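Asker: One file: query34.txt (compact mmCIF, C-alpha atoms (C1' of nucleotides)).
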```
# COMPACT_ATOMS: atom_id res chain seq x y z
CA MET Q 1 -2.42 -19.26 14.32
CA ALA Q 2 -1.56 -22.46 12.57
CA ILE Q 3 -3.69 -21.41 9.64
CA ARG Q 4 -1.46 -18.50 8.88
CA GLU Q 5 1.52 -20.79 8.93
CA ARG Q 6 -0.12 -23.23 6.58
CA ARG Q 7 -0.87 -20.35 4.21
CA GLU Q 8 2.69 -19.18 4.28
CA ARG Q 9 3.92 -22.70 3.68
CA GLU Q 10 1.62 -23.09 0.69
CA ARG Q 11 2.71 -19.76 -0.62
CA ALA Q 12 6.36 -20.75 -0.36
CA GLN Q 13 5.58 -23.97 -2.20
CA ARG Q 14 3.92 -22.05 -5.00
CA HIS Q 15 6.90 -19.71 -5.10
CA LYS Q 16 9.17 -22.66 -5.66
CA LEU Q 17 6.75 -24.20 -8.14
CA ILE Q 18 6.93 -21.06 -10.27
CA ILE Q 19 10.73 -21.07 -10.26
CA ASP Q 20 10.99 -24.76 -11.04
CA THR Q 21 8.39 -24.60 -13.78
CA ALA Q 22 10.08 -21.60 -15.37
CA ARG Q 23 13.35 -23.49 -15.34
CA GLU Q 24 11.86 -26.65 -16.84
CA LEU Q 25 10.12 -24.67 -19.54
CA ALA Q 26 13.34 -22.83 -20.33
CA GLU Q 27 15.41 -26.00 -20.44
CA ARG Q 28 12.84 -27.73 -22.62
CA GLU Q 29 12.07 -24.94 -25.09
CA GLY Q 30 14.41 -22.05 -24.35
CA TRP Q 31 13.76 -18.77 -22.58
CA ASP Q 32 11.76 -17.37 -25.47
CA ALA Q 33 9.10 -19.94 -24.67
CA VAL Q 34 8.91 -18.78 -21.07
CA THR Q 35 6.17 -16.20 -21.32
CA THR Q 36 4.13 -15.10 -18.35
CA ARG Q 37 1.04 -16.59 -19.97
CA ARG Q 38 2.55 -19.99 -20.60
CA LEU Q 39 4.19 -20.04 -17.20
CA ALA Q 40 0.93 -19.11 -15.47
CA GLU Q 41 -0.90 -21.82 -17.36
CA SER Q 42 1.75 -24.39 -16.46
CA VAL Q 43 1.45 -23.67 -12.76
CA GLU Q 44 -2.35 -23.56 -13.14
CA TYR Q 45 -2.84 -20.05 -11.90
CA SER Q 46 -3.66 -16.81 -13.63
CA GLN Q 47 -0.96 -14.40 -14.74
CA PRO Q 48 -1.33 -11.86 -11.92
CA VAL Q 49 -0.42 -14.52 -9.35
CA LEU Q 50 3.11 -14.48 -10.75
CA TYR Q 51 3.31 -10.80 -9.92
CA SER Q 52 2.29 -11.40 -6.32
CA HIS Q 53 5.46 -13.49 -6.00
CA PHE Q 54 7.89 -11.66 -8.27
CA ALA Q 55 8.31 -8.08 -9.39
CA GLY Q 56 8.29 -9.18 -13.02
CA LYS Q 57 9.56 -11.72 -15.46
CA ASP Q 58 13.18 -10.69 -14.90
CA ALA Q 59 12.84 -11.43 -11.20
CA ILE Q 60 11.69 -14.95 -12.05
CA VAL Q 61 14.67 -15.53 -14.32
CA ARG Q 62 16.89 -14.12 -11.62
CA ALA Q 63 15.49 -16.58 -9.09
CA VAL Q 64 16.18 -19.44 -11.49
CA ALA Q 65 19.73 -18.17 -11.97
CA ILE Q 66 20.38 -18.02 -8.25
CA GLU Q 67 19.12 -21.57 -7.85
CA GLY Q 68 21.60 -22.43 -10.59
CA PHE Q 69 24.49 -20.79 -8.76
CA GLY Q 70 23.81 -23.05 -5.81
CA GLU Q 71 23.83 -26.12 -7.98
CA LEU Q 72 26.98 -25.13 -9.79
CA ALA Q 73 28.78 -24.56 -6.49
CA LYS Q 74 27.75 -28.02 -5.38
CA VAL Q 75 28.86 -29.61 -8.63
CA LEU Q 76 32.23 -27.87 -8.46
CA LYS Q 77 32.78 -28.87 -4.86
CA GLU Q 78 32.09 -32.51 -5.62
CA ALA Q 79 34.27 -32.55 -8.71
CA ARG Q 80 37.16 -30.88 -6.96
CA SER Q 81 37.14 -33.07 -3.90
CA ALA Q 82 36.88 -36.22 -6.00
CA ARG Q 83 40.58 -35.96 -6.81
CA GLU Q 84 43.59 -35.85 -4.56
CA ASP Q 85 46.13 -34.40 -6.93
CA PRO Q 86 45.66 -30.61 -7.14
CA ILE Q 87 46.08 -30.53 -10.89
CA GLU Q 88 43.61 -33.35 -11.40
CA ALA Q 89 41.23 -31.63 -9.00
CA LEU Q 90 41.41 -28.43 -11.00
CA ARG Q 91 40.87 -30.31 -14.22
CA SER Q 92 37.95 -32.16 -12.74
CA ALA Q 93 36.32 -28.94 -11.54
CA ALA Q 94 36.85 -27.19 -14.86
CA MET Q 95 35.36 -30.11 -16.76
CA ALA Q 96 32.42 -30.21 -14.39
CA TYR Q 97 31.87 -26.52 -15.12
CA LEU Q 98 31.76 -27.20 -18.85
CA ASP Q 99 29.47 -30.19 -18.39
CA PHE Q 100 27.15 -28.06 -16.31
CA ALA Q 101 26.94 -25.42 -19.03
CA GLU Q 102 26.41 -27.94 -21.79
CA LYS Q 103 23.82 -30.02 -20.02
CA ARG Q 104 21.78 -27.05 -18.82
CA PRO Q 105 22.31 -24.41 -21.49
CA ALA Q 106 19.22 -22.40 -20.58
CA LEU Q 107 20.20 -22.34 -16.94
CA TYR Q 108 23.75 -21.28 -17.79
CA ASP Q 109 22.27 -18.63 -20.04
CA ALA Q 110 20.23 -17.20 -17.18
CA MET Q 111 23.18 -17.32 -14.82
CA PHE Q 112 25.91 -15.78 -16.94
CA LEU Q 113 24.65 -14.50 -20.26
CA ARG Q 114 21.46 -12.56 -19.63
CA GLN Q 115 21.65 -9.06 -18.23
CA LEU Q 116 19.99 -9.55 -14.86
CA ASP Q 117 21.76 -7.02 -12.67
CA ILE Q 118 22.76 -9.64 -10.18
CA PRO Q 119 25.66 -8.11 -8.24
CA PHE Q 120 28.91 -9.95 -9.00
CA GLY Q 121 32.18 -9.79 -7.17
CA THR Q 122 30.88 -7.56 -4.39
CA SER Q 123 29.73 -8.52 -0.91
CA GLU Q 124 26.12 -8.10 -2.05
CA ALA Q 125 26.49 -10.98 -4.48
CA PRO Q 126 24.20 -13.91 -3.65
CA PRO Q 127 25.92 -16.38 -1.29
CA GLU Q 128 25.36 -19.21 -3.80
CA LEU Q 129 27.44 -17.28 -6.29
CA ARG Q 130 30.15 -16.49 -3.79
CA ALA Q 131 30.33 -20.15 -2.89
CA GLY Q 132 30.88 -21.06 -6.53
CA PHE Q 133 33.65 -18.55 -6.98
CA GLY Q 134 35.12 -19.78 -3.72
CA GLU Q 135 35.32 -23.27 -5.18
CA LEU Q 136 37.17 -21.91 -8.15
CA LEU Q 137 39.63 -20.10 -5.91
CA ALA Q 138 40.16 -23.23 -3.85
CA ALA Q 139 40.83 -25.30 -6.95
CA LEU Q 140 43.35 -22.77 -8.26
CA GLU Q 141 45.07 -22.00 -5.01
CA PRO Q 142 47.47 -24.97 -5.08
CA VAL Q 143 48.74 -24.08 -8.54
CA ALA Q 144 48.84 -20.30 -8.09
CA GLY Q 145 52.47 -20.11 -7.04
CA GLU Q 146 53.37 -16.49 -6.48
CA ARG Q 147 50.78 -15.18 -8.90
CA ASP Q 148 47.85 -13.10 -7.62
CA ILE Q 149 45.10 -15.60 -6.93
CA ASP Q 150 42.18 -13.25 -7.71
CA THR Q 151 43.56 -12.24 -11.05
CA LEU Q 152 44.40 -15.83 -11.81
CA ALA Q 153 40.86 -16.88 -10.99
CA GLU Q 154 39.37 -14.18 -13.21
CA VAL Q 155 41.56 -15.27 -16.09
CA PHE Q 156 40.81 -18.94 -15.60
CA TRP Q 157 37.11 -18.30 -15.24
CA SER Q 158 37.12 -16.11 -18.35
CA ALA Q 159 38.71 -18.91 -20.31
CA ILE Q 160 36.30 -21.64 -19.28
CA HIS Q 161 33.37 -19.25 -19.53
CA GLY Q 162 34.59 -18.52 -23.04
CA PHE Q 163 34.73 -22.24 -23.76
CA ALA Q 164 31.21 -22.69 -22.45
CA THR Q 165 29.57 -19.80 -24.26
CA LEU Q 166 31.36 -20.29 -27.54
CA MET Q 167 30.49 -23.97 -27.42
CA LEU Q 168 26.84 -23.21 -26.72
CA GLY Q 169 26.81 -20.86 -29.69
CA ALA Q 170 28.43 -23.55 -31.86
CA ARG Q 171 31.45 -21.34 -32.40
CA LEU Q 172 34.12 -23.85 -31.41
CA ARG Q 173 34.83 -27.30 -32.83
CA PRO Q 174 33.08 -29.74 -30.49
CA ASP Q 175 35.64 -32.51 -30.90
CA LEU Q 176 38.43 -30.32 -29.54
CA ARG Q 177 36.85 -29.97 -26.12
CA GLU Q 178 39.48 -32.10 -24.39
CA ALA Q 179 42.37 -30.67 -26.35
CA ARG Q 180 41.40 -27.13 -25.41
CA MET Q 181 41.15 -28.01 -21.76
CA ASP Q 182 44.47 -29.84 -21.84
CA LEU Q 183 46.14 -26.85 -23.36
CA LEU Q 184 44.56 -24.44 -20.91
CA LEU Q 185 45.64 -26.50 -17.92
CA GLU Q 186 49.10 -26.86 -19.32
CA LEU Q 187 49.31 -23.07 -19.59
CA PHE Q 188 48.29 -22.61 -16.00
CA MET Q 189 50.55 -25.33 -14.72
CA ARG Q 190 53.91 -24.18 -15.99
CA GLU Q 191 55.01 -22.15 -13.07
CA MET I 1 17.39 0.32 -69.13
CA ALA I 2 19.24 2.75 -66.87
CA ILE I 3 16.11 3.17 -64.83
CA ARG I 4 16.31 -0.36 -63.58
CA GLU I 5 19.89 0.23 -62.56
CA ARG I 6 19.01 3.37 -60.69
CA ARG I 7 16.27 1.50 -58.89
CA GLU I 8 18.62 -1.24 -57.86
CA ARG I 9 21.14 1.33 -56.69
CA GLU I 10 18.53 3.08 -54.59
CA ARG I 11 17.39 -0.23 -53.22
CA ALA I 12 20.94 -1.12 -52.19
CA GLN I 13 21.29 2.25 -50.50
CA ARG I 14 18.11 1.67 -48.55
CA HIS I 15 19.36 -1.79 -47.61
CA LYS I 16 22.47 -0.24 -46.12
CA LEU I 17 20.44 2.51 -44.49
CA ILE I 18 18.38 -0.06 -42.64
CA ILE I 19 21.47 -1.90 -41.38
CA ASP I 20 23.22 1.28 -40.30
CA THR I 21 20.15 2.68 -38.62
CA ALA I 22 19.55 -0.56 -36.76
CA ARG I 23 23.12 -0.50 -35.56
CA GLU I 24 22.97 3.12 -34.43
CA LEU I 25 19.73 2.53 -32.61
CA ALA I 26 21.20 -0.55 -30.92
CA GLU I 27 24.38 1.23 -29.89
CA ARG I 28 22.45 4.21 -28.59
CA GLU I 29 19.66 2.41 -26.72
CA GLY I 30 20.37 -1.32 -26.84
CA TRP I 31 18.82 -4.04 -28.96
CA ASP I 32 15.58 -4.00 -27.00
CA ALA I 33 14.94 -0.57 -28.44
CA VAL I 34 15.38 -1.85 -31.98
CA THR I 35 11.81 -2.76 -32.84
CA THR I 36 10.57 -3.06 -36.38
CA ARG I 37 8.28 -0.09 -35.81
CA ARG I 38 10.97 2.23 -34.46
CA LEU I 39 13.41 1.09 -37.10
CA ALA I 40 10.88 1.65 -39.87
CA GLU I 41 10.10 5.11 -38.54
CA SER I 42 13.79 5.96 -38.33
CA VAL I 43 14.40 5.09 -41.96
CA GLU I 44 11.14 6.86 -42.88
CA TYR I 45 9.43 3.89 -44.45
CA SER I 46 6.63 1.65 -43.32
CA GLN I 47 7.30 -1.62 -41.55
CA PRO I 48 6.67 -3.97 -44.49
CA VAL I 49 9.51 -2.34 -46.41
CA LEU I 50 11.92 -3.92 -43.93
CA TYR I 51 10.55 -7.31 -44.91
CA SER I 52 11.18 -6.67 -48.58
CA HIS I 53 14.88 -6.42 -47.68
CA PHE I 54 15.22 -8.93 -44.85
CA ALA I 55 13.46 -12.14 -43.91
CA GLY I 56 12.80 -10.77 -40.44
CA LYS I 57 14.29 -8.93 -37.52
CA ASP I 58 16.91 -11.62 -36.93
CA ALA I 59 18.18 -11.20 -40.47
CA ILE I 60 18.69 -7.49 -39.81
CA VAL I 61 20.65 -8.18 -36.64
CA ARG I 62 22.64 -10.76 -38.57
CA ALA I 63 23.50 -8.19 -41.22
CA VAL I 64 24.68 -5.79 -38.53
CA ALA I 65 26.79 -8.55 -37.00
CA ILE I 66 28.45 -9.36 -40.31
CA GLU I 67 29.28 -5.70 -40.83
CA GLY I 68 30.82 -5.86 -37.36
CA PHE I 69 32.97 -8.85 -38.27
CA GLY I 70 34.47 -6.83 -41.08
CA GLU I 71 35.28 -3.96 -38.80
CA LEU I 72 36.76 -6.16 -36.14
CA ALA I 73 39.02 -7.83 -38.69
CA LYS I 74 40.23 -4.41 -39.79
CA VAL I 75 40.84 -3.24 -36.25
CA LEU I 76 42.80 -6.40 -35.44
CA LYS I 77 44.89 -6.11 -38.56
CA GLU I 78 45.84 -2.53 -37.78
CA ALA I 79 46.61 -3.25 -34.16
CA ARG I 80 48.73 -6.25 -34.98
CA SER I 81 50.78 -4.60 -37.70
CA ALA I 82 51.41 -1.54 -35.55
CA ARG I 83 54.04 -3.47 -33.60
CA GLU I 84 57.17 -5.20 -34.73
CA ASP I 85 57.77 -7.47 -31.80
CA PRO I 86 55.48 -10.54 -32.05
CA ILE I 87 54.57 -10.48 -28.38
CA GLU I 88 53.76 -6.79 -28.50
CA ALA I 89 51.77 -7.37 -31.67
CA LEU I 90 49.71 -10.07 -29.98
CA ARG I 91 49.14 -7.89 -26.98
CA SER I 92 48.13 -4.99 -29.19
CA ALA I 93 45.65 -7.14 -31.11
CA ALA I 94 44.15 -8.61 -27.95
CA MET I 95 43.73 -5.18 -26.40
CA ALA I 96 42.16 -3.89 -29.60
CA TYR I 97 39.70 -6.79 -29.39
CA LEU I 98 38.71 -5.80 -25.87
CA ASP I 99 38.44 -2.14 -26.80
CA PHE I 100 36.21 -3.08 -29.69
CA ALA I 101 33.88 -5.03 -27.41
CA GLU I 102 33.76 -2.31 -24.78
CA LYS I 103 33.26 0.59 -27.13
CA ARG I 104 30.56 -1.13 -29.19
CA PRO I 105 28.84 -3.41 -26.72
CA ALA I 106 25.66 -3.76 -28.75
CA LEU I 107 27.61 -4.65 -31.85
CA TYR I 108 29.69 -7.19 -29.97
CA ASP I 109 26.48 -8.57 -28.54
CA ALA I 110 25.05 -9.11 -32.01
CA MET I 111 28.28 -10.66 -33.26
CA PHE I 112 29.06 -13.11 -30.50
CA LEU I 113 26.33 -13.28 -27.87
CA ARG I 114 23.02 -13.51 -29.66
CA GLN I 115 21.94 -16.76 -31.18
CA LEU I 116 21.91 -15.87 -34.86
CA ASP I 117 22.85 -19.15 -36.52
CA ILE I 118 25.74 -17.59 -38.37
CA PRO I 119 27.99 -20.48 -39.39
CA PHE I 120 31.26 -20.38 -37.46
CA GLY I 121 34.43 -22.27 -38.12
CA THR I 122 33.21 -23.84 -41.33
CA SER I 123 33.85 -22.80 -44.89
CA GLU I 124 30.34 -21.32 -45.04
CA ALA I 125 31.24 -18.75 -42.43
CA PRO I 126 31.08 -15.18 -43.73
CA PRO I 127 34.44 -14.06 -45.19
CA GLU I 128 34.53 -11.09 -42.78
CA LEU I 129 34.48 -13.54 -39.92
CA ARG I 130 37.12 -15.77 -41.44
CA ALA I 131 39.33 -12.73 -41.93
CA GLY I 132 39.02 -11.86 -38.26
CA PHE I 133 39.93 -15.34 -37.13
CA GLY I 134 42.78 -15.26 -39.61
CA GLU I 135 44.15 -12.18 -37.89
CA LEU I 136 44.04 -13.97 -34.59
CA LEU I 137 45.91 -16.93 -36.06
CA ALA I 138 48.52 -14.65 -37.57
CA ALA I 139 49.05 -12.89 -34.26
CA LEU I 140 49.45 -16.17 -32.41
CA GLU I 141 51.54 -17.97 -34.96
CA PRO I 142 54.91 -16.50 -33.87
CA VAL I 143 54.39 -17.59 -30.27
CA ALA I 144 52.81 -20.97 -30.97
CA GLY I 145 55.98 -22.98 -30.77
CA GLU I 146 55.17 -26.61 -31.32
CA ARG I 147 51.61 -26.30 -30.03
CA ASP I 148 48.66 -26.82 -32.35
CA ILE I 149 47.86 -23.40 -33.69
CA ASP I 150 44.11 -23.96 -34.12
CA THR I 151 43.63 -25.21 -30.59
CA LEU I 152 45.81 -22.41 -29.31
CA ALA I 153 43.70 -19.88 -31.16
CA GLU I 154 40.47 -21.30 -29.79
CA VAL I 155 41.82 -21.15 -26.25
CA PHE I 156 43.14 -17.64 -26.66
CA TRP I 157 39.95 -16.46 -28.26
CA SER I 158 37.88 -18.10 -25.51
CA ALA I 159 39.89 -16.25 -22.90
CA ILE I 160 39.57 -12.80 -24.43
CA HIS I 161 35.96 -13.45 -25.35
CA GLY I 162 35.47 -14.35 -21.71
CA PHE I 163 37.14 -11.11 -20.66
CA ALA I 164 34.93 -9.14 -23.01
CA THR I 165 31.60 -10.70 -22.09
CA LEU I 166 32.21 -10.85 -18.38
CA MET I 167 33.35 -7.23 -18.46
CA LEU I 168 30.23 -6.20 -20.36
CA GLY I 169 28.11 -7.97 -17.79
CA ALA I 170 30.01 -6.24 -14.97
CA ARG I 171 31.20 -9.57 -13.67
CA LEU I 172 34.93 -8.75 -13.50
CA ARG I 173 36.68 -5.98 -11.65
CA PRO I 174 37.20 -3.18 -14.19
CA ASP I 175 40.50 -1.96 -12.75
CA LEU I 176 42.18 -5.32 -13.32
CA ARG I 177 41.82 -5.18 -17.10
CA GLU I 178 45.55 -4.74 -17.68
CA ALA I 179 46.56 -7.21 -15.00
CA ARG I 180 44.37 -9.92 -16.52
CA MET I 181 45.79 -9.35 -19.96
CA ASP I 182 49.35 -9.33 -18.64
CA LEU I 183 48.76 -12.62 -16.92
CA LEU I 184 47.13 -14.17 -19.95
CA LEU I 185 49.96 -13.16 -22.25
CA GLU I 186 52.48 -14.40 -19.77
CA LEU I 187 50.77 -17.77 -19.75
CA PHE I 188 50.88 -17.99 -23.52
CA MET I 189 54.43 -16.80 -23.76
CA ARG I 190 56.23 -19.29 -21.58
CA GLU I 191 57.10 -21.83 -24.09
C1' DC D 1 -25.13 -19.33 12.31
C1' DT D 2 -24.66 -14.90 10.29
C1' DT D 3 -22.21 -11.11 8.85
C1' DG D 4 -18.55 -7.90 7.50
C1' DA D 5 -13.98 -7.24 6.38
C1' DA D 6 -9.87 -8.83 4.66
C1' DT D 7 -7.57 -11.74 1.64
C1' DA D 8 -6.84 -14.39 -2.56
C1' DC D 9 -7.65 -14.66 -7.09
C1' DC D 10 -9.32 -13.89 -11.83
C1' DT D 11 -11.22 -11.39 -15.95
C1' DA D 12 -10.39 -8.05 -19.04
C1' DG D 13 -7.70 -4.76 -21.00
C1' DC D 14 -3.58 -1.46 -22.13
C1' DG D 15 0.10 -0.48 -25.06
C1' DG D 16 3.57 -2.82 -27.01
C1' DT D 17 5.88 -6.73 -30.16
C1' DG D 18 7.07 -9.30 -34.99
C1' DC D 19 4.96 -10.07 -39.06
C1' DT D 20 1.56 -10.10 -43.26
C1' DA D 21 -2.74 -9.81 -46.40
C1' DG D 22 -4.79 -6.80 -49.18
C1' DA D 23 -5.73 -2.07 -50.66
C1' DT D 24 -3.55 1.94 -52.61
C1' DT D 25 -0.38 4.84 -54.67
C1' DT D 26 3.43 5.71 -57.86
C1' DC D 27 5.52 5.58 -62.20
C1' DG D 28 7.62 3.92 -66.69
C1' DG D 29 6.04 2.65 -71.43
C1' DC D 30 2.74 3.23 -74.93
C1' DG W 1 -3.38 10.74 -70.91
C1' DC W 2 -3.82 6.03 -69.79
C1' DC W 3 -2.65 1.28 -68.44
C1' DG W 4 -0.38 -2.29 -66.02
C1' DA W 5 3.12 -3.45 -63.03
C1' DA W 6 5.83 -2.42 -59.34
C1' DA W 7 6.45 -0.18 -54.97
C1' DT W 8 4.54 1.06 -50.83
C1' DC W 9 1.22 1.69 -47.12
C1' DT W 10 -2.86 0.80 -44.00
C1' DA W 11 -4.82 -2.17 -41.02
C1' DG W 12 -4.85 -6.15 -38.63
C1' DC W 13 -3.39 -10.82 -36.49
C1' DA W 14 -1.73 -13.27 -32.47
C1' DC W 15 1.26 -12.68 -29.17
C1' DC W 16 4.02 -10.15 -25.35
C1' DG W 17 4.68 -8.03 -20.16
C1' DC W 18 2.00 -6.04 -16.94
C1' DT W 19 -2.07 -4.12 -14.08
C1' DA W 20 -6.68 -2.06 -12.62
C1' DG W 21 -10.75 -3.39 -10.86
C1' DG W 22 -14.16 -6.67 -9.78
C1' DT W 23 -15.41 -11.31 -7.86
C1' DA W 24 -15.07 -15.06 -5.10
C1' DT W 25 -13.33 -17.19 -0.72
C1' DT W 26 -12.00 -17.30 3.94
C1' DC W 27 -11.90 -16.06 8.65
C1' DA W 28 -13.09 -13.64 13.13
C1' DA W 29 -16.43 -11.35 15.70
C1' DG W 30 -21.17 -10.95 17.25
```
Show this structure as C-alpha cells.

Answerer:
Amino acid sequence: MAIRERRERERAQRHKLIIDTARELAEREGWDAVTTRRLAESVEYSQPVLYSHFAGKDAIVRAVAIEGFGELAKVLKEARSAREDPIEALRSAAMAYLDFAEKRPALYDAMFLRQLDIPFGTSEAPPELRAGFGELLAALEPVAGERDIDTLAEVFWSAIHGFATLMLGARLRPDLREARMDLLLELFMRE
Amino acid sequence: MAIRERRERERAQRHKLIIDTARELAEREGWDAVTTRRLAESVEYSQPVLYSHFAGKDAIVRAVAIEGFGELAKVLKEARSAREDPIEALRSAAMAYLDFAEKRPALYDAMFLRQLDIPFGTSEAPPELRAGFGELLAALEPVAGERDIDTLAEVFWSAIHGFATLMLGARLRPDLREARMDLLLELFMRE
DNA sequence: CTTGAATACCTAGCGGTGCTAGATTTCGGC
DNA sequence: GCCGAAATCTAGCACCGCTAGGTATTCAAG
C-alpha cells in the first residue's frame, strides 16, 4: 500500500505547510492578521481543511509555539557552548534569548505570552520546551553555588523574560539593553 | 446655563460607568467576554453610545489600564511606607506588586500585557504610571548603593513583572513564590 | 472497463465580532 | 405647543471562528 503512504506523507507536508504559513503570516503582520480565512487562502485550501489538521485556531498557534520552543533550545545551546568561561556562556545564552525574542516577536508572543494551555514545568510539557529550560539550567549551574538551582533558574528566567516582554511592549529604554544585562549578571555572579 | 453643566456631569458619570463596567466584566470573565455589545447592554445603552465616549474598544481598555496604574501606585505607596527598614519596605512593595497582579489578573493584563500604545518611560506617559514607577524608584533608592538607579529599577521591575506574568500563565511553580522573592531580594541586597 | 463505496474537499451558512450611517426620539428655548 | 438641535437607537457592513451537508475524486472489487 504505497499509495496510503504517499497520502500520509502529503498530509504531513500540508500539516507543516499550515504551521509554517501561520508563523510567516504572524511574523509579517502579527497574530491578528492570522485568520482562518487568510491562512486557508495562503495555503490554497478551503477553511475546513485547517480543521481536519487542527482542532481550531488555538491548536495552530500552539503548534507554532512548540516549533518555536525547539528553535529557542537550539539557539540557547549554540550560544552557551560558544564560550568556555561559564559566566561568558551564561551571558551569551541570555543575550541569545533576548535576540530571539526581539527578532521573532510574534513567535515569542505565541510561546510565552498567549494563553495556550501548554503544560509548563511538569513532565507533560513538550520535550522542546523541557530542552530549552534544560539549557538554562545548564548555563546557570556553574554559577549557582549553594543556591537552589531550580529557584535560581526561575528567577533568572523571570528577569530575562521581563526584559523581553517589556522591550517588545516598548516599556524599557532600548539603549540600556546591555547595561541591564550587565547588571543582572553582576547580581547573579556575586556569590 | 446649569442644564449644560448637569449634562456634562451626567456624561462624565456615564464615562466612568463604562470604564468600571468594562473592568468588572473583564475581571469576572476575562477580556474576551468584554465585547462592545455585552458592554453596551451592561451599561444599558446602545453600542454607538460607547463610541461617543471612546474612539474604540482599545480606548476603553486603555482607560481601564490607566485607572489600574493609579491603583497600583497607591498600593505600592502604602506597602512601602508600612515598613521602616528599607529592605523590608522594598520587599513589602514587591510583594504588593505581585499580589496586585494575582488578584486582578485582567487588570494587570490590560496594564502591562496588551499592546495598547500607552507611552512608557517618556514624559508623555500617564501621570498614574509615572507615580507607580516613582514608587519603585523610591523603594530601591536606599539599596542602590553606587549602581545606576534607573537601570536598577528596570532590572528589578523586569524581574517582578516576569514573576507576575509567568505566574499568571501558570509557568512557574506556585509554591515557590516566597523563595523566588527571597532570592531576588538577596541578589539586590548584596552590595 | 464499470461501478459502488469511501475519502477528500468545498460551498454555504451560523452566530458572533468591532464599528458606523442614517433614522428616530428626546428635550430645552421660544 | 412647536421647532431645531442634540442625544440616542436601529439596522447594517465586513469580518471572525467554526461546521453541516453536498460534491467531486479516488480506489478496489466485479

Asker: May I ask which of the residues Q:Ser46, Q:Thr21, Q:Glu29, Q:Leu39 is the closest one to chain D, counting only C-alpha atoms (C1' of nucleotides)?

Answerer: Q:Ser46

Asker: Work out how far apart CA of Ser81 (chain Q) and CA of Asp20 (chain Q) are and give it in Å to one decimal.

Answerer: 28.4 Å

Asker: Could the residues of chain W within 10 Å of chain I, counting only C-alpha atoms (C1' of nucleotides), be given as a VMD selection string, please?

Answerer: chain W and resid 7 to 10

Asker: Between CA of Val43 (chain Q) and C1' of DC14 (chain D), measure the distance and give it in Å to one decimal.

Answerer: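 Distance between the two atoms: 24.6 Å.
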
Asker: Between CA of Phe54 (chain Q) and CA of Leu107 (chain Q), what is the distance, to one decimal in Å?

Answerer: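 Separation between CA of Phe54 (chain Q) and CA of Leu107 (chain Q): 18.5 Å.
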
Asker: Point out the residue among Q:Ala26, Q:Ala33, Q:Ser52, Q:Arg9 with the least atom-to-atom distance to chain D, counting only C-alpha atoms (C1' of nucleotides).

Answerer: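 Once distances to chain D are computed over only C-alpha atoms (C1' of nucleotides), the minimum belongs to Q:Ser52.
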
Asker: Using only C-alpha atoms (C1' of nucleotides), select each residue of chain I with any atom at most 12 Å away from an atom of chain D, and give the selection as a CSV table (one decimal) with C-alpha atoms, in the coordinates of the input.

Answerer:
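Final output, saved to out_14.csv:
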```csv
chain,number,residue,atom,x,y,z
I,1,MET,CA,17.4,0.3,-69.1
I,2,ALA,CA,19.2,2.8,-66.9
I,3,ILE,CA,16.1,3.2,-64.8
I,4,ARG,CA,16.3,-0.4,-63.6
I,7,ARG,CA,16.3,1.5,-58.9
I,32,ASP,CA,15.6,-4.0,-27.0
I,33,ALA,CA,14.9,-0.6,-28.4
I,34,VAL,CA,15.4,-1.8,-32.0
I,35,THR,CA,11.8,-2.8,-32.8
I,36,THR,CA,10.6,-3.1,-36.4
I,37,ARG,CA,8.3,-0.1,-35.8
I,38,ARG,CA,11.0,2.2,-34.5
I,47,GLN,CA,7.3,-1.6,-41.6
I,48,PRO,CA,6.7,-4.0,-44.5
I,49,VAL,CA,9.5,-2.3,-46.4
I,50,LEU,CA,11.9,-3.9,-43.9
I,51,TYR,CA,10.6,-7.3,-44.9
I,52,SER,CA,11.2,-6.7,-48.6
I,54,PHE,CA,15.2,-8.9,-44.8
I,55,ALA,CA,13.5,-12.1,-43.9
I,56,GLY,CA,12.8,-10.8,-40.4
I,57,LYS,CA,14.3,-8.9,-37.5
I,58,ASP,CA,16.9,-11.6,-36.9
```

Asker: Would you kindly return, as a VMD selection string, each protein, DNA or RNA residue with an atom no farther than 12 Å from any atom of Ser92 (chain Q), considering all atoms listed in the file and excluding same-chain residues fewer than 4 positions away?

Answerer: chain Q and resid 75 to 88 96 to 99 135 to 136 139 to 140 178 181 to 182 185

Asker: Given only C-alpha atoms as the basis, pick out the residue of I:Pro126, I:Pro174, I:Gly145, I:Gly134 nearest to Met111 (chain I).

Answerer: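 Going through I:Pro126, I:Pro174, I:Gly145, I:Gly134 one by one, the smallest distance to Met111 (chain I) is for I:Pro126.
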
Asker: Around (28.5, -22.1, -1.9), as given in the file, which residues come within 9 Å? Count all atoms listed in the file and list them as a PyMOL selection string.

Answerer: chain Q and resi 69-74+77+127-135

Asker: Residues of the last selection are to be written out with C-alpha atoms, as a PDB file, in the frame of the given file.

Answerer:
```
ATOM      1  CA  PHE Q  69      24.490 -20.790  -8.760  1.00  0.00           C
ATOM      2  CA  GLY Q  70      23.810 -23.050  -5.810  1.00  0.00           C
ATOM      3  CA  GLU Q  71      23.830 -26.120  -7.980  1.00  0.00           C
ATOM      4  CA  LEU Q  72      26.980 -25.130  -9.790  1.00  0.00           C
ATOM      5  CA  ALA Q  73      28.780 -24.560  -6.490  1.00  0.00           C
ATOM      6  CA  LYS Q  74      27.750 -28.020  -5.380  1.00  0.00           C
ATOM      7  CA  LYS Q  77      32.780 -28.870  -4.860  1.00  0.00           C
ATOM      8  CA  PRO Q 127      25.920 -16.380  -1.290  1.00  0.00           C
ATOM      9  CA  GLU Q 128      25.360 -19.210  -3.800  1.00  0.00           C
ATOM     10  CA  LEU Q 129      27.440 -17.280  -6.290  1.00  0.00           C
ATOM     11  CA  ARG Q 130      30.150 -16.490  -3.790  1.00  0.00           C
ATOM     12  CA  ALA Q 131      30.330 -20.150  -2.890  1.00  0.00           C
ATOM     13  CA  GLY Q 132      30.880 -21.060  -6.530  1.00  0.00           C
ATOM     14  CA  PHE Q 133      33.650 -18.550  -6.980  1.00  0.00           C
ATOM     15  CA  GLY Q 134      35.120 -19.780  -3.720  1.00  0.00           C
ATOM     16  CA  GLU Q 135      35.320 -23.270  -5.180  1.00  0.00           C
TER      17      GLU Q 135
END
```

Asker: Of the candidates Q:Ala138, Q:Ala22, Q:Ile149, Q:Leu17, which shows the shortest atom-to-atom distance to Val64 (chain Q), using only C-alpha atoms?

Answerer: Q:Ala22
